[in-house]
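Asks: Handing you this structure, nothing more for now.
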Amino acid sequence: MKTNINLQQSLPPSRYRWLRPLWAIFLTLLVVVLAFSGIFALSKAARESLGPRERFLLPFQEIECRTPPHQEKADFLGEVQYLGAFPDKINLLERGLSQRLEQAFQKHKQVEAVEKVEILPSRRIRVSLSFKK
């Protein structure tokens with residue numbers, strides 16, 4: 001005896017059918033967020049592993065900048081290094097390095113304004129300053 005049952009007719013209509021598109025959107029967003037989180041974590045780990053290698057370190061005294069009148073460059077940079085609590089060699093890959101340098105130069109008593117801090121790809125740092133009169 002053959003019984004021909006149509007499953008769609010025998011099941012009650014789903015009251016939650018409208019949730020399917022929401023679940024699809026939710027799962028898609030979850031996958032995207034997890035993918036970006038993974039990429040961010042990998043890039044952070046790669047940056048930290050490159051960290052203090054010699055080729056990414058620059059002696060603080062090699063920063064390019066103008067100096068205040070009647071002051072030697074080594075003395076001026078030594079004072080800025082002290083004010084910013086920088087080591088003798090700075091890591092060019094350090095996060096927030098531009099801001100830290102700007103703050104350190106701004107603390108110097110003869111600096112009026114820090115106009116620009118550039119970390120150049122050629123392992124150089126250039127700081128544009130204006131001085132008090």
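Just so we're on the same page: first chain in the structure tokens is A, next is B, and so on; residues restart at 1 for each chain, and ligands are numbered from 1 in the order they show up.
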Region 9-106 of chain A: which residues are strand (DSSP E) by DSSP, as a list in words?
Replies: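 After running DSSP on the backbone, region 9-106 of chain A has strand (DSSP E) at Leu57, Leu58, Pro59, Glu64, Cys65, Lys89, Ile90 and Asn91 of chain A.
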Asks: Please list as an mmCIF file with C-alpha atoms, in the first residue's frame every residue within 12 Å of region 36-46 of chain A, counting only C-alpha atoms and excluding residues in the same chain fewer than 5 positions away.
Replies:
data_model
loop_
_atom_site.group_PDB
_atom_site.id
_atom_site.type_symbol
_atom_site.label_atom_id
_atom_site.label_comp_id
_atom_site.auth_asym_id
_atom_site.auth_seq_id
_atom_site.Cartn_x
_atom_site.Cartn_y
_atom_site.Cartn_z
ATOM 1 C CA LEU A 29 28.270 39.739 9.610
ATOM 2 C CA LEU A 30 29.738 37.341 12.145
ATOM 3 C CA VAL A 31 32.020 35.803 9.521
ATOM 4 C CA GLY A 51 59.759 45.005 16.450
ATOM 5 C CA LEU A 93 57.532 50.727 13.607
ATOM 6 C CA GLU A 94 56.302 51.813 17.036
ATOM 7 C CA ARG A 95 52.622 52.689 17.094
#
Asks: Would you mind telling me which residue in A:Leu83, A:Ile25, A:Ala35, A:Leu101 lies nearest to Ile63 (chain A) when using only C-alpha atoms?
Replies: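 Closest candidate: A:Leu101.
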Asks: For Leu97 (chain A), list every protein, DNA or RNA residue within 12 Å, evaluated using only C-alpha atoms, and leave out those in the same chain fewer than 5 positions away; present the list as a list in words.
Replies: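 The residues that qualify are Gly84, Phe86, Ile90, Asn91, Leu92, Glu102, Gln103, Ala104, Val117, Glu118, Ile119 and Ile125 of chain A.
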Asks: Neighbouring residues of Glu62 (chain A) were defined as those with any atom within 9 Å, considering only C-alpha atoms; residues of the same chain fewer than 3 positions away were excluded. Please report them as a list in words.
Replies: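 Residues near the query, excluding close chain neighbours: Leu58, Pro59, Leu77, Arg124 and Ile125 of chain A.
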Asks: Identify, on the basis of only C-alpha atoms, every residue whose closest approach to Lys116 (chain A) does not exceed 9 Å; exclude the query and any residue fewer than 3 positions from it along the same chain; express the result as a ChimeraX atom specification.
Replies: /A:98,102,126-129
Asks: Write out, as a JSON list (two decimals), in the first residue's frame, the residues just selected, with N, CA and C atoms.
Replies:
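So the final result, stored in out36.json, reads:
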[["chain", "number", "residue", "atom", "x", "y", "z"],
["A", 98, "SER", "N", 54.88, 59.12, 15.90],
["A", 98, "SER", "CA", 54.77, 60.52, 15.47],
["A", 98, "SER", "C", 54.21, 61.39, 16.59],
["A", 102, "GLU", "N", 56.09, 64.35, 18.62],
["A", 102, "GLU", "CA", 55.50, 65.70, 18.63],
["A", 102, "GLU", "C", 55.36, 66.21, 20.06],
["A", 126, "ARG", "N", 61.93, 63.32, 10.02],
["A", 126, "ARG", "CA", 62.10, 64.76, 9.79],
["A", 126, "ARG", "C", 61.03, 65.48, 10.61],
["A", 127, "VAL", "N", 61.49, 66.46, 11.40],
["A", 127, "VAL", "CA", 60.57, 67.24, 12.24],
["A", 127, "VAL", "C", 60.69, 68.71, 11.85],
["A", 128, "SER", "N", 59.56, 69.33, 11.56],
["A", 128, "SER", "CA", 59.51, 70.76, 11.24],
["A", 128, "SER", "C", 59.05, 71.51, 12.47],
["A", 129, "LEU", "N", 59.87, 72.50, 12.89],
["A", 129, "LEU", "CA", 59.62, 73.22, 14.12],
["A", 129, "LEU", "C", 59.61, 74.73, 13.90]]
Asks: Go through A:Ala24, A:Lys132, A:Lys89, A:Glu112 one by one, measure the shortest atom-to-atom distance of each to Phe56 (chain A) using only C-alpha atoms, and give the residue with the smallest value.
Replies: A:Lys89
Asks: What's the separation between CA of Phe131 (chain A) and CA of Val111 (chain A), in Å to one decimal place?
Replies: 4.5 Å
Asks: Among chain A, which residues carry a DSSP assignment of alpha helix (DSSP H), reported as number ranges by chain?
Replies: A: 7-10, 19-50, 73-84, 97-107
